[in-house]
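Reading through the structure tokens given below for one structure.
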Amino acid sequence: MRILRDNGQVCTRMGAYKPRTSPYSFQGHGKECLPYVFELAGKYGIKVIAMEVTHESHIDEIRAALCRTGDPTGVMLQIGTRNTQNFELLKLVGRQKEFPVLLKRGFGITLSESLHAAEYLASEGNHKVIFGLRGVKTNMGDPHRNFLDFAHVPVVKRLTRMPVCIDPSHAIGSRTRGPEGILDLLHATAQGVIAGANMVLADFHPAPNRALVDGPQALLLDELPHFLEDVQVSRDAYEKRVALASGYR
């Protein structure tokens, strides 16, 4: 969090609850870690986004931990890809309005079906929703972890009023590089940003080889300045493309 602050960042991906495909995989530290996560986030001026919840009790635990620590930071909830069609959870999260929501696209359903999940949140009253693209599950995307779907950034913007987030770490799933020396993850990020993404989630870790979750895809902390500079290059290109398009209308 200190390094994020020193590099001008104001938010971080952070989760206490981690639903996993395998029951033997690390499931997160749960509510016990919430107080010190929130205290440290507040210390460094970082907002906590993507706090994935899978049950109504998780929302109560987050609310209680924020209260107990003096509300030091802001929190955005996440509905993960596995719960995109957990309709009762969508309704529950939609009924509370204090926390905005990042909704991940379902990895095995259509874009239309995932957008309907966002409608569940909005129909219950919570309109503060960001739609997350993280790739779709199919072997046709091999050797990447998921098949990249960032061409849907402008599609979601056209069909809805939601900001769009891209998650290149979960789409690529590794630190492989192209022949020019650029990480596949940076290429994927650029594809989403140059298509107009409003937000990027990317995994960073001080020691990926010791990470309990998703270590192989995590970038190193000293790679953060390069990552941010590369994102800015893509964003500048997007803005130039928008200006070019407006000139031809």
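The chains in the structure tokens are called A, B, ... from first to last as shown; in each chain the residues are counted from 1, and the ligands are counted from 1 in the order shown.
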- Task: Enumerate, as a list in words, the complete set of residues in range 128-226 of chain A that a backbone-based DSSP assignment places in strand (DSSP E or B).
- Result: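 DSSP on the backbone gives strand (DSSP E or B) at Val129, Ile130, Phe131, Gly132, Leu133, Val136, Phe147, Val164, Cys165, Ile166, Arg177, Leu183, Met199, Val200, Phe204 and Leu219 of chain A.
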- Contacts of range 65-77 of chain A within 10 Å, only C-alpha atoms, excl. fewer than 2 positions in-chain, as a count of residues only: 45
- Message: I'd like the contact shell of Gln96 in chain A - 10 Å cut-off, only C-alpha atoms, skipping same-chain residues fewer than 6 positions apart - returned as a PyMOL selection string.
- Response: chain A and resi 59+121+124-126
Those residues you just picked out, can you put them in a file as an mmCIF file, in the first residue's frame with N, CA and C atoms?
```cif
data_model
loop_
_atom_site.group_PDB
_atom_site.id
_atom_site.type_symbol
_atom_site.label_atom_id
_atom_site.label_comp_id
_atom_site.auth_asym_id
_atom_site.auth_seq_id
_atom_site.Cartn_x
_atom_site.Cartn_y
_atom_site.Cartn_z
ATOM 1 N N ILE A 59 -21.134 -8.935 4.117
ATOM 2 C CA ILE A 59 -21.423 -7.508 4.095
ATOM 3 C C ILE A 59 -21.505 -6.978 5.527
ATOM 4 N N LEU A 121 -28.809 -6.049 -9.711
ATOM 5 C CA LEU A 121 -28.308 -5.087 -8.731
ATOM 6 C C LEU A 121 -29.059 -3.764 -8.839
ATOM 7 N N GLU A 124 -32.734 -3.605 -7.684
ATOM 8 C CA GLU A 124 -32.924 -3.595 -6.235
ATOM 9 C C GLU A 124 -32.537 -2.263 -5.610
ATOM 10 N N GLY A 125 -31.984 -1.347 -6.428
ATOM 11 C CA GLY A 125 -31.733 -0.005 -5.920
ATOM 12 C C GLY A 125 -30.298 0.481 -5.965
ATOM 13 N N ASN A 126 -29.315 -0.426 -6.175
ATOM 14 C CA ASN A 126 -27.919 0.000 -6.199
ATOM 15 C C ASN A 126 -27.484 0.238 -7.647
#
```
